[in-house]
Every structure is written in structure tokens, then in C-alpha cells.
Amino acid sequence: MYTKSLIRIISAIILIIITGYLFPWWSFSIITLIVGYSSYSAKESAIHGFIIGFISWFIVLVYLFTNAGDDQIFSKMSMLIINKNNPMKLIIYSSLISGTIGLLSSWVGWQFNKR
Amino acid sequence: MIKKIIGITLVLTIIFLLNNSVRQYPPMGKLLNPFTGYPALIESDNPPQGTLIFPNLSDTVNIKWDELRIPHIEAKNENDLYFMQGYIMAFDRLWQMEFQTHAAAGRLSEILGDKALDYDRLQRRKGMIYAAENTIGEIKKDSSLYSILESFADGINFYINSIDKNKYPIEYKILNYEPEKWTTIKTGLLLKSMAWDLTNRTEDLEYTKILNDFGNRGEEVIEELFPIFPKKYLPIVDKDKLNLGFTPYKKEAPDSIYKSKNYKIKTSLNKNSSIGSNNWVIGSQRTKNNNAILSNDPHLNLSLPSIWYLMHLKCPTINVMGVTIPGSPGIIIGFNDKIAWGVTNGYDDSMDWYDIQYENESRTRYKYGEYTPHIKQRIEEIKIKNHATFYDTVLYTHHGPIVWDFKYYPKDSMIVHDNYGIALQWTAHDSTNELQSFYLLNKASNYEEFKISLESYDCPGQNFIYSDINNNIAILHSGKNPIRFNRQGMFISDGSDAYYDWDNQASTPDYIPSEHKIFDKNPNPRWYLTSANQNPIHNNADYYYLSEHFAPSYRATQIHKMINDKNTNMTIQDMINIQLDNTSLFAQATLPKLLPIIEEKYKAESKEIKFIGYEWIDILKKWDYKYTGTSIAPTFFEEWINDIEKNTWADDLDNIIWPEIDKLEDLIVNSPNSTWFDIKTTDKEETLIDICSISFKNIVQKLTNKSDIELEWKNYRGTDILHLAKISPFSSLDLKTSGSENIINATRKHEGPSWRYIIEMSQPYKIKGIYPGGQSGYPGSVHYNQFIEDWVNGNYYDLKFLDNDEFTGIELQCIPNH
């Protein structure tokens with residue numbers, strides 16, 4: 001059961017990262033909606049949706065941040081958006097956006113498949 | 001079912017809100033996502049390398065970037081050269097280029113919403129688009145020049161079309177819009193925008209108020225407070241050049257000057273201070289290596305991305321390097337393999353304002369002598385983000401557009417009569433062709449070609465300084481100037497009286513002929529030339545009236561002094577010392593008069609009062625009159641003088657327009673009992689003694705609780721270089737600068753030397769340069785503000801003119817696809 005969930009989550013994250021560069025930023029919500037549709041409970045759909053949404057943005061952002069070298073854009077954007085020079089905080093806030101959308105769309109997916 | 005609907009609605013609403021700008025907030029989802037948001041731009045400003053195919057090219061073009069990230073473009077023909085200039089400029093500065101054209105054209109509401117509507121209306125009413133269209137129309141007459149302009153635009157468009165949307169500069173993502181196709185008119189708009197910045201003279205309205213407020217004494221007060229030739233001033237052209245070799249055309253002043261009563265300024269406008277640019281050239285006779293040395297530091301409002309962009313352009317007919325305005329082809333200030341040039345603002349009055357009396361309520365005709373000419377209408381369509389389009393009807397007379405009337409006027413002013421409007425006549429409205437001047441200047445190889453290139457140069461009038469490889473030195477006061485009577489155009493003119501027209505009814509030419517322009521070449525025995533925005537001519541010279549307002553001569557005087565002190569054997573280091581000089585001649589002249597007043601006053605007062613602030617007297621006594629960043633004396637002196645200035649003028653002139661600081665010096669030094677020092681609101685008749693001590697005490701009190709660190713000039717004033725869209729993290733704030741206005745290093749809070757450059761005409765050239773910014777327009781890049789720290793510290797870079805300097809750097813080969 002757990003292994004199945006884990007495979008589903010990892011597959012969804014990989015799919016989101018691949019499609020993220022090809023489709024509009026919100027397209028990941030369709031993937032989380034499908035994940036929700038195939039979930040076994042409302043709680044599971046919500047948790048999985050959040051985890052998938054959050055992690056898919058978080059790992060890419062952290063990867064880009066750690067490989068940014070001299071590029072100061074993370075630092076300047078954190079000053080602009082959260083008024084603090086704290087790129088990690090901005091990365092977490094950004095990932096909460098994708099997590100929240102993932103949670104909601106997954107839950108909506110579950111609603112369409114409620115047994 | 002309800003849950004499903006609620007769920008879907010909620011998800012879609014959140015996505016919609018995060019996909020669009022809400023109020024001032026950017027579209028967060030679009031902006032923050034790691035795939036197409038701001039992180040997609042990481043290292044996006046790394047120059048391309050290797051080989052790229054450009055179908056528009058007719059031959060191969062090679063580009064090299066040096067360690068300062070200056071692109072050196074080498075093409076086989078001019079069209080390819082300018083195509084790649086457009087491409088590379090867009091690569092580094094696309095957003096800046098386009099945003100500035102939107103601002104110039106009055107299109108900011110499309111990006112920023114209705115908060116920019118007033119600004120946009122004013123831009124339209126000033127006739128910015130009208131002026132740009134006229135200029136492009138003129139350029140079109142010259143097919144080869146227009147073809148170059150089109151190649152330049154094609155290069156920009158090729159870049160825009162070649163990049164993925166994810167790679168659009170970050171400001172597009174934050175402000176949520178996309179770049180549009182570049183057109184030649186946008187280049188025209190940029191040039192007009194620069195012309196406006198350097199020539200705008202709404203002071204006519206303010207002088208008119210003074211003229212009216214003082215009734216019968218109006219003209220006398222104007223003459224006294226705003227002299228065209230101040231008591232102490234140093235013209236650009238020497239005394240011995242008084243005989244200019246021609247007789248100027250005369251236009252006699254009318255018996256009485258027209259006094260407009262139709263416009264009322266309520267508050268604040270200018271303090272009438274100049275930003276300050278300097279240039280000078282030293283003849284080989286005075287230099288250590290027997291080569292002419294040219295220096296230039298044009299001062300402007302500072303911004304990020306920087307106003308300037310450094311480039312080197314080379315093809316068989318051109319080999320030029322220097323700074324240019326992103327969005328404009330060619331080089332504006334720089335050097336080629338034969339000559340070098342620099343500019344300061346000429347300060348000529350290029351704008352006149354006219355009262356227009358409507359003939360009827362529908363505003364379709366206006367009074368002009370016995371006639372009632374038709375008013376042309378131009379409907380301006382202003383698109384506003386998230387709002388309905390706004391339409392403004394701008395009325396055009398033979399003078400120019402009516403900027404203000406009862407339908408639209410500045411918030412701090414008012415139009416008294418509904419049937420009057422105020423029209424603007426501006427030399428930049430005409431079919432001017434400055435682009436041709438720069439095109440020819442970039443290719444000029446000697447003084448004659450330099451002079452010919454500037455014949456088509458109209459607006460903004462500039463003092464072009466010159467040197468060449470044969471060690472000739474020269475200066476030319478360029479620009480299009482109407483032939484006017486003395487002080488014509490200083491006040492709002494009578495738009496119904498043909499005598500105030502620039503069209504002189506064929507009795508004389510309308511404009512000063514190019515052969516009458518002020519110039520000087522190889523002045524013997526002086527062997528140097530300089531300009532610092534001062535009046536170019538001596539007050540006894542028989543010449544034309546150019547303007548009512550030039551910069552005081554403090555900077556010019558100090559440049560002369562430093563050159564003459566060194567006298568001979570001058571080097572590039574001497575030029576650097578002059579450019580970075582912080583000496584205030586104003587302080588040097590006034591402080592010895594002000595300090596004894598305070599000392600006397602303290603002696604006469606009680607011991608207790610004497611103690612407070614007394615230490616400032618010691619500090620000021622020891623001051624070397626230099627506005628050095630680490631000194632605290634300039635902080636006190638600046639505040640003190642500002643307060644004296646306010647106490648002197650505010651009661652007499654309101655907060656409308658005050659005389660230049662050299663007038664205050666004149667009063668302090670020569671007329672301490674002048675009635676201008678009397679404060680009208682008190683019964684007592686104040687003199688300088690009273691004003692001086694009142695202000696001293698005010699400032700002692702104001703600065704009492706500040707620490708020594710806070711009082712250091714660099715911390716107290718500092719300099720802010722703001723991002724063009726005022727995005728704070730993309731700005732460079734609180735820079736620890738030295739200098740101040742009316743000092744050679746005229747760095748201020750928001751203005752300063754936008755480009756410092758020095759060139760020795762040796763073989764090979766020795767070139768130093770720096771500007772406060774960096775080559776990249778991408779705020780994440782180290783090249784965005786790379787030069788700022790060195791600029792603050794007074795450092796320079798050695799510029800490589802590749803003919804002489806080999807280097808290995810990033811290289812790109814651009815090939816056509818045939």
C-alpha cells in the first residue's frame with residue numbers, strides 16, 4: 001500500500017517536472033487532479049496532492065538555487081516578495097503555493113471518484 | 001455535486017488570481033514557479049558563444065565580449081553591423097529599451113494601470129509621439145540612413161522572436177506583460193525623451209508669476225535675480241574671441257513685454273539648480289606625452305539598468321567605441337580611430353510657451369492677429385490596464401500642442417480663464433535629424449567632418465568637445481536656436497502676436513545660421529577648452545540671445561583653475577583628479593563671510609547659548625571646502641546654506657522658483673544689508689546677520705542628536721540609483737558618495753556623473769571609463785551593477801579598443817544561412 005503510494009507520488013513529481021517546462025505553470029494541477037481521482041480517501045488525496053505539489057516545486061527551486069552561482073536573483077526576489085533577504089523562505093512560500101493547489105485539485109479529483 | 005462545484009471553482013479561482021496581477025501585486029504563480037517564472041532566468045544573460053545562424057545577415061559578423069562584458073562587433077558592412085547592434089542591445093537591455101519608449105510615448109497606463117494616466121496624458125500633450133513621427137519622417141528622406149535604422153530594428157525584433165517566452169526579462173514577468181515588435185518610431189521616441197530631459201523649461205510659467213507678482217518692478221526684479229550674465233562667470237569662448245567675424249541678425253524687443261495673466265502656479269516647482277556636466281580637452285602643448293587628452297562626465301538622473309551601454313562597432317567604414325542609449329543605433333559619446341568627442345548640455349532655451357486664446361467655446365479656432373486659424377485635433381488613445389481606454393483630444397496650433405487648458409492642468413496650478421490654453425513650441429517638435437549627426441560623427445575623421453556632422457544636430461543643444469589624432473582640439477556649441485529678442489521666451493508669450501513667433505516673417509532667418517554657431521579651435525596660447533553648462537559667450541560679445549538660464553560658473557572656474565595650476569606636463573591622472581574634485585567654490589567664497597557673523601553673534605549672547613553648537617564653528621573653520629564623503633563639515637554647511645536660502649527667498653518668491661546659488665553668494669559677499677534678507681512676516685528689518693544666525697541655530701538644533709558617523713557627508717546625503725520601475729531590490733541605494741551640486745563632482749541624491757571618460761590621443765589610445773551600473777539589464781547578474789562600487793570609489797577601467805588590445809574572451813560567430 002505504502003509502496004504503491006510512494007511510486008504514485010514519485011511518478012507524479014517526475015511528470016510535473018518534465019511537463020513544467022512545456023506547459024503553463026498551473027498544468028501540474030491536472031496531474032494532481034488525476035492523482036486525487038485514483039486515491040482511496042479524501043484525506044489521502046489531499047495529503048498526496050499537497051506533497052506532490054509542494055515537493056515538485058521545492059526540489060527544482062532548491063536545485064536551481066544551489067546551482068545559481070553568482071546569480072543573485074533568488075536573493076533579490078526574496079527582498080521583493082517577502083521583504084527579507086531569505087531565499088529559502090521564498091522557496092518554501094513558493095512551494096506552499098503549488099502544495100495548496102495540489103491539495104485542492106487532488107481533493108476535487110477525489111470528489112469525482114467518490115465510492 | 002455541490003462539493004465538486006465548490007472545489008472546481010475554488011481551484012480555478014486560485015489559479016486565476018495567481019496567474020494575473022491583482023492591484024500592485026505581480027502574478028505570483030506565473031512569477032514564482034520554477035519552470036517558467038523568475039528562476040528560469042538564472043544565468044540567462046551569459047552571452048551566446050560558438051556559431052549562430054542569422055538569416056537576415058548578408059555576411060559573417062564576429063562578436064567578442066571583453067572582461068567588462070563590452071561587446072566588440074565586427075561586420076563586413078554597415079547594415080549587418082547595425083542589425084547585430086540591435087540584437088546585442090536587446091539581449092542585454094530589452095526591457096529597459098521598451099519601457100523607456102512606453103514612458104516617452106505616454107503608454108505606461110498599459111503596464112501600470114490608471115495610476116499612470118496623468119503622466120501619460122502629459123506625455124501625449126507635450127507632443128512626444130508627434131515629435132518622434134516628425135523625426136522619423138525626416139530620416140525616411142535619407143534612404144541609406146533609414147535602412148540602417150531599419151536594420152537596427154530588425155536586429156532587436158530578431159532577438160525578441162528568437163527567445164522563448166520563459167526568457168523574457170524579469171520585469172515583464174513582474175509587471176505581467178510581453179515585449180512588442182520594435183519599430184523605428186521607438187528609436188525616435190527615445191531620442192525625444194532624452195531631448196526632453198535635457199531641455200525641458202517649464203520655468204517660463206514660474207518666471208511669469210514673478211513678473212506679475214512684482215507689478216511695475218517685475219522686469220527689474222527679474223533682471224536682478226535672474227541675470228543672463230551673472231557678475232562672476234566664465235564663458236566657454238574666451239574674451240579674445242569677442243570678435244566672432246560676423247554680424248548677428250537682430251530682433252528688437254517690443255516696447256513692453258507681454259505679461260500673461262492666465263495661468264496661476266500655486267506651489268513648488270523648481271529650485272532652479274543644474275545637474276551639472278563637464279568636458280574639457282587639453283592640447284598636446286600642455287600634456288606630458290605631447291598628446292591631446294579629452295575628458296567628459298555628463299551628469300544625468302541616475303537609474304538602473306544604466307542609461308548608458310558600452311559598445312565597440314566596427315566594419316570597413318566605421319570603427320567607433322563608446323556609450324550609447326539602449327534603443328538607439330550608433331555611439332553617442334566616444335571615439336573612433338581618428339577622433340574623440342564628448343558633450344555637456346548647452347542649456348539653450350529650446351522651449352517657448354504661448355497663451356492661446358480660443359475663438360469659440362468648442363475650441364476649434366484661436367486668435368492670431370486678425371486671423372482665427374483652425375486648431376488641429378489629434379485624438380490620443382490611451383489604453384489602461386484593467387480599465388476602459390481613455391481618449392484625449394490634444395489641440396495643435398501653429399506654435400505646437402496645447403499642453404494645458406481648463407480641461408487638463410497640473411495639480412498644483414490652475415488656468416484662470418476657460419477660454420485660454422498654453423501651447424508649447426519646442427525645437428524637438430520639428431523634423432530634426434540628430435541620428436544623422438551621430439551617424440556621421442561616428443565616421444568623422446577630422447575637424448571638418450566633425451563640424452559637418454553637427455550641422456544637422458538640432459535638439460538638445462550640446463557643447464561638443466573634440467580632439468583628434470593630429471592633436472587638434474575644438475569645442476562647438478551645437479543646436480537649433482530661434483533668433484529672438486533679449487529674454488524672448490523667458491515668460492509665457494503672446495500666442496496671438498506674430499512678433500513672438502519663431503517665424504521672423506522673412507526679415508531675418510528664423511534660426512541662428514550654422515555658420516554663426518559658437519566654436520573655438522586650437523586656442524593659442526591657452527591650449528585647452530572646457531564647458532560646464534555655463535553661458536557660452538562673453539557678456540560683451542555681439543551675439544544672439546540663447547537662454548535666460550545657464551549653470552553658475554563654479555565648475556567651469558574650478559576646471560580652469562586646476563588646469564592652470566598644473567599648467568604643463570598633464571597626464572590622465574590629472575584629468576581623473578579634476579573629474580573627482582569636490583571643492584566648493586561657493587563655500588570658499590561665502591563661509592569666510594558667514595563664520596565671523598556667527599562668532600560675533602555668539603560673543604554678544606549669553607554663555608549658555610554660546611556653548612550650544614559652538615563646536616560647529618571650529619569644524620567649519622578647519623574645513624578645506626571639499627565635499628568629501630568622510631567629512632562632516634559639508635553636512636552642516638549644506639543644511640545651513642539651504643536654510644539661509646529658504647529664509648532669503650521663500651517669503652519673496654514663494655516656493656516657485658529661486659535664483660541660482662551664485663546670486664545668493666553675490667548678496668552674502670557684496671550686499672549683506674540687501675532687503676532680500678528681510679523676512680516679510682516680521683516687523684524687524686532683517687539683514688544677513690539675522691538670517692545667518694537664525695539659520696545657524698536651526699541647523700545646530702536639527703543636527704544635535706546625530707552621531708559623527710551619521711553626520712559624515714556620505715552617510716547623511718548618500719546617493720540612490722533607482723530601478724526604472726522603482727523596484728527597490730533592483731535599485732542601488734544609500735551609496736556612500738562624495739560631491740554635490742555646483743562642484744565638478746556634482747554627485748547628488750539621484751543625479752551624478754552618468755559616464756566618466758578620459759582619452760589620451762596616443763597611439764594606441766589610452767582610454768579610461770566608468771558608468772554607475774553594468775552592461776547587463778538582468779538584475780540577477782553580477783554585470784547588472786558591476787561598476788557601481790568602483791564608480792563610488794572614484795576608480796576607472798581601462799577600455800580596450802580591440803585594434804590595439806588583444807584579448808581572449810567569449811566569442812560568437814554570426815553567419816547568414818546562405
# chains A, B, ... in the order shown; residues from 1 in each chain; ligands from 1
$ interface_residues --of "chain A" --to "chain B" --cutoff "7 Å" --atoms "only C-alpha atoms" --output "PDB file with C-alpha atoms, in the first residue's frame"
ATOM      1  CA  GLY A  20       6.532  22.062 -16.208  1.00  0.00           C
ATOM      2  CA  TYR A  21       8.885  23.299 -18.909  1.00  0.00           C
ATOM      3  CA  TRP A  25       2.704  26.797 -14.715  1.00  0.00           C
ATOM      4  CA  TRP A  26      -0.703  25.636 -13.436  1.00  0.00           C
ATOM      5  CA  TRP A  57       8.415  22.888  -6.991  1.00  0.00           C
ATOM      6  CA  VAL A  60      13.516  22.223  -8.553  1.00  0.00           C
ATOM      7  CA  LEU A  61      13.761  25.563  -6.761  1.00  0.00           C
ATOM      8  CA  ALA A  68      22.755  29.647  -9.225  1.00  0.00           C
ATOM      9  CA  ASP A  70      26.892  34.303  -8.738  1.00  0.00           C
ATOM     10  CA  ASP A  71      23.328  34.890  -9.832  1.00  0.00           C
ATOM     11  CA  GLN A  72      21.601  36.991  -7.195  1.00  0.00           C
ATOM     12  CA  ILE A  73      18.060  36.707  -8.449  1.00  0.00           C
ATOM     13  CA  LYS A  76      16.608  39.975  -4.867  1.00  0.00           C
ATOM     14  CA  MET A  79      13.591  41.030  -0.959  1.00  0.00           C
ATOM     15  CA  LEU A  80      10.849  41.958  -3.370  1.00  0.00           C
ATOM     16  CA  SER A  94       6.522  29.367  -3.381  1.00  0.00           C
ATOM     17  CA  ILE A 101      -3.142  23.996  -5.442  1.00  0.00           C
ATOM     18  CA  LEU A 104      -7.234  21.306  -3.637  1.00  0.00           C
ATOM     19  CA  SER A 105      -7.131  19.870  -7.142  1.00  0.00           C
ATOM     20  CA  VAL A 108     -11.527  17.755  -6.331  1.00  0.00           C
ATOM     21  CA  GLN A 111     -14.786  14.097  -5.356  1.00  0.00           C
TER      22      GLN A 111
END
$ residues_around --residues "stretch 14-17 of chain A" --least-positions-apart "3" --cutoff "7 Å" --atoms "only C-alpha atoms" --output "short mmCIF file (atom, residue, chain, number, x, y, z; two decimals) with N, CA, C and O atoms, in the first residue's frame"
data_model
loop_
_atom_site.label_atom_id
_atom_site.label_comp_id
_atom_site.auth_asym_id
_atom_site.auth_seq_id
_atom_site.Cartn_x
_atom_site.Cartn_y
_atom_site.Cartn_z
N ILE A 10 6.05 9.71 -6.52
CA ILE A 10 7.31 9.97 -7.24
C ILE A 10 7.05 10.12 -8.74
O ILE A 10 7.57 11.03 -9.40
N SER A 11 6.19 9.25 -9.27
CA SER A 11 5.88 9.33 -10.71
C SER A 11 5.24 10.69 -11.03
O SER A 11 5.57 11.32 -12.05
N GLY A 20 6.46 20.68 -16.68
CA GLY A 20 6.53 22.06 -16.21
C GLY A 20 7.19 23.00 -17.21
O GLY A 20 6.84 24.17 -17.32
N PHE A 28 0.32 21.50 -13.61
CA PHE A 28 0.53 20.41 -12.64
C PHE A 28 -0.75 20.06 -11.89
O PHE A 28 -0.90 18.95 -11.37
N SER A 56 7.40 18.94 -5.85
CA SER A 56 7.81 19.13 -7.26
C SER A 56 8.40 20.53 -7.48
O SER A 56 9.37 20.69 -8.21
#
$ residues_around --residues "stretch 455-463 of chain B" --least-positions-apart "2" --cutoff "7 Å" --atoms "only C-alpha atoms" --output "VMD selection string"
chain B and resid 195 198 to 199 343 to 348 427 to 428 432 to 434 437 451 to 453 465 475 to 480 514 531
$ residues_around --residues "B:Tyr544" --least-positions-apart "3" --cutoff "12 Å" --atoms "only C-alpha atoms" --output "VMD selection string"
chain B and resid 244 246 to 252 348 481 to 488 511 to 513 516 to 518 535 to 541 547 to 548
$ residues_around --residues "B:Pro227" --least-positions-apart "2" --cutoff "10 Å" --atoms "only C-alpha atoms" --output "JSON, numbers by chain"
{"B": [221, 222, 223, 224, 225, 229, 230, 231, 548, 549, 550, 659, 660, 663]}
$ write_last_selection --atoms "N, CA and C atoms" --output "mmCIF file, in the first residue's frame"
data_model
loop_
_atom_site.group_PDB
_atom_site.id
_atom_site.type_symbol
_atom_site.label_atom_id
_atom_site.label_comp_id
_atom_site.auth_asym_id
_atom_site.auth_seq_id
_atom_site.Cartn_x
_atom_site.Cartn_y
_atom_site.Cartn_z
ATOM 1 N N VAL B 221 13.143 93.192 -11.114
ATOM 2 C CA VAL B 221 13.434 92.070 -10.204
ATOM 3 C C VAL B 221 13.999 90.888 -10.986
ATOM 4 N N ILE B 222 13.385 90.614 -12.122
ATOM 5 C CA ILE B 222 13.885 89.510 -12.966
ATOM 6 C C ILE B 222 15.341 89.781 -13.356
ATOM 7 N N GLU B 223 15.608 91.008 -13.783
ATOM 8 C CA GLU B 223 16.959 91.367 -14.213
ATOM 9 C C GLU B 223 17.955 91.206 -13.067
ATOM 10 N N GLU B 224 17.492 91.566 -11.861
ATOM 11 C CA GLU B 224 18.396 91.498 -10.711
ATOM 12 C C GLU B 224 18.633 90.052 -10.241
ATOM 13 N N LEU B 225 17.555 89.293 -10.157
ATOM 14 C CA LEU B 225 17.683 87.957 -9.560
ATOM 15 C C LEU B 225 18.069 86.870 -10.557
ATOM 16 N N PHE B 229 23.801 87.261 -17.637
ATOM 17 C CA PHE B 229 25.252 87.246 -17.407
ATOM 18 C C PHE B 229 25.501 87.581 -15.944
ATOM 19 N N PRO B 230 25.681 86.591 -15.093
ATOM 20 C CA PRO B 230 25.916 86.877 -13.670
ATOM 21 C C PRO B 230 27.220 87.654 -13.492
ATOM 22 N N LYS B 231 27.376 88.253 -12.291
ATOM 23 C CA LYS B 231 28.575 89.072 -12.049
ATOM 24 C C LYS B 231 29.847 88.253 -12.240
ATOM 25 N N GLU B 548 17.756 82.251 -20.854
ATOM 26 C CA GLU B 548 17.745 83.090 -19.654
ATOM 27 C C GLU B 548 18.478 82.412 -18.502
ATOM 28 N N HIS B 549 18.821 81.163 -18.690
ATOM 29 C CA HIS B 549 19.346 80.418 -17.553
ATOM 30 C C HIS B 549 20.450 79.450 -17.969
ATOM 31 N N PHE B 550 21.627 79.688 -17.447
ATOM 32 C CA PHE B 550 22.720 78.733 -17.614
ATOM 33 C C PHE B 550 23.198 78.337 -16.216
ATOM 34 N N PRO B 659 16.477 82.122 -7.338
ATOM 35 C CA PRO B 659 17.680 82.381 -8.142
ATOM 36 C C PRO B 659 18.731 81.299 -7.931
ATOM 37 N N GLU B 660 19.661 81.246 -8.876
ATOM 38 C CA GLU B 660 20.780 80.317 -8.737
ATOM 39 C C GLU B 660 21.603 80.707 -7.515
ATOM 40 N N LYS B 663 23.727 83.927 -7.100
ATOM 41 C CA LYS B 663 23.073 85.187 -6.706
ATOM 42 C C LYS B 663 23.119 85.325 -5.185
#
$ atom_distance --atom1 "atom CA of B:Gln558" --atom2 "atom CA of B:Trp280"
11.9 Å
$ select_by_dssp --residues "stretch 9-111 of chain A" --states "helix (DSSP H, G or I)" --output "PyMOL selection string"
chain A and resi 9-20+25-37+42-66+73-82+87-111
$ select_by_dssp --residues "stretch 283-415 of chain B" --states "strand (DSSP E)" --output "number ranges by chain"
B: 293-297, 299-301, 303-304, 309-315, 318-324, 333-336, 339-345, 351-357, 376-382, 390-396, 402-405, 413-415
$ write_last_selection --atoms "C-alpha atoms" --output "mmCIF file, in the first residue's frame"
data_model
loop_
_atom_site.group_PDB
_atom_site.id
_atom_site.type_symbol
_atom_site.label_atom_id
_atom_site.label_comp_id
_atom_site.auth_asym_id
_atom_site.auth_seq_id
_atom_site.Cartn_x
_atom_site.Cartn_y
_atom_site.Cartn_z
ATOM 1 C CA ILE B 293 43.672 64.473 -23.711
ATOM 2 C CA LEU B 294 39.878 64.702 -23.725
ATOM 3 C CA SER B 295 37.672 64.278 -20.655
ATOM 4 C CA ASN B 296 33.913 64.162 -20.277
ATOM 5 C CA ASP B 297 31.477 63.431 -17.462
ATOM 6 C CA HIS B 299 25.649 64.247 -15.414
ATOM 7 C CA LEU B 300 22.105 62.920 -15.542
ATOM 8 C CA ASN B 301 19.425 61.379 -13.370
ATOM 9 C CA SER B 303 18.936 54.815 -12.937
ATOM 10 C CA LEU B 304 19.247 51.061 -13.261
ATOM 11 C CA TYR B 309 25.581 50.909 -22.701
ATOM 12 C CA LEU B 310 29.193 50.466 -23.818
ATOM 13 C CA MET B 311 29.857 49.077 -27.300
ATOM 14 C CA HIS B 312 32.501 48.853 -29.981
ATOM 15 C CA LEU B 313 31.233 48.831 -33.581
ATOM 16 C CA LYS B 314 33.478 48.008 -36.490
ATOM 17 C CA CYS B 315 33.069 47.495 -40.226
ATOM 18 C CA ILE B 318 33.221 52.571 -39.182
ATOM 19 C CA ASN B 319 35.398 51.858 -36.181
ATOM 20 C CA VAL B 320 33.815 53.512 -33.164
ATOM 21 C CA MET B 321 33.515 52.817 -29.472
ATOM 22 C CA GLY B 322 31.783 54.476 -26.559
ATOM 23 C CA VAL B 323 28.456 54.705 -24.819
ATOM 24 C CA THR B 324 25.064 54.742 -26.428
ATOM 25 C CA ILE B 333 29.705 59.703 -26.708
ATOM 26 C CA GLY B 334 33.030 58.120 -27.571
ATOM 27 C CA PHE B 335 35.834 57.899 -30.094
ATOM 28 C CA ASN B 336 36.747 56.308 -33.369
ATOM 29 C CA ILE B 339 38.735 61.475 -33.385
ATOM 30 C CA ALA B 340 37.185 61.592 -29.908
ATOM 31 C CA TRP B 341 34.307 63.682 -28.617
ATOM 32 C CA GLY B 342 32.264 64.389 -25.503
ATOM 33 C CA VAL B 343 29.241 66.501 -24.605
ATOM 34 C CA THR B 344 27.746 68.769 -21.996
ATOM 35 C CA ASN B 345 24.248 70.171 -22.103
ATOM 36 C CA MET B 351 11.045 75.661 -25.488
ATOM 37 C CA ASP B 352 8.674 78.582 -25.510
ATOM 38 C CA TRP B 353 5.185 78.647 -24.039
ATOM 39 C CA TYR B 354 2.346 80.633 -25.597
ATOM 40 C CA ASP B 355 -1.002 81.863 -24.390
ATOM 41 C CA ILE B 356 -3.639 80.699 -26.831
ATOM 42 C CA GLN B 357 -7.000 82.407 -26.756
ATOM 43 C CA LYS B 376 -5.956 70.711 -35.477
ATOM 44 C CA GLN B 377 -7.086 67.865 -33.292
ATOM 45 C CA ARG B 378 -5.140 64.768 -32.534
ATOM 46 C CA ILE B 379 -7.060 62.045 -30.743
ATOM 47 C CA GLU B 380 -4.809 60.213 -28.331
ATOM 48 C CA GLU B 381 -5.904 56.710 -27.424
ATOM 49 C CA ILE B 382 -4.535 55.733 -24.021
ATOM 50 C CA PHE B 390 -9.153 56.743 -22.323
ATOM 51 C CA TYR B 391 -9.342 59.160 -25.243
ATOM 52 C CA ASP B 392 -7.746 62.583 -25.005
ATOM 53 C CA THR B 393 -8.090 65.260 -27.646
ATOM 54 C CA VAL B 394 -4.865 67.210 -27.982
ATOM 55 C CA LEU B 395 -5.173 70.518 -29.818
ATOM 56 C CA TYR B 396 -2.401 71.733 -32.118
ATOM 57 C CA ILE B 402 -1.760 72.963 -26.250
ATOM 58 C CA VAL B 403 -0.396 71.217 -23.202
ATOM 59 C CA TRP B 404 -2.609 72.787 -20.577
ATOM 60 C CA ASP B 405 -6.010 74.362 -20.554
ATOM 61 C CA SER B 413 -1.642 75.005 -10.613
ATOM 62 C CA MET B 414 -4.695 76.308 -12.380
ATOM 63 C CA ILE B 415 -5.867 78.011 -15.518
#
$ atom_distance --atom1 "atom CA of B:Lys192" --atom2 "atom CA of B:Leu724"
17.6 Å
$ closest_residue --among "A:Leu6, A:Val62, A:Ile81, A:Ile30" --to "A:His48" --atoms "only C-alpha atoms"
A:Leu6
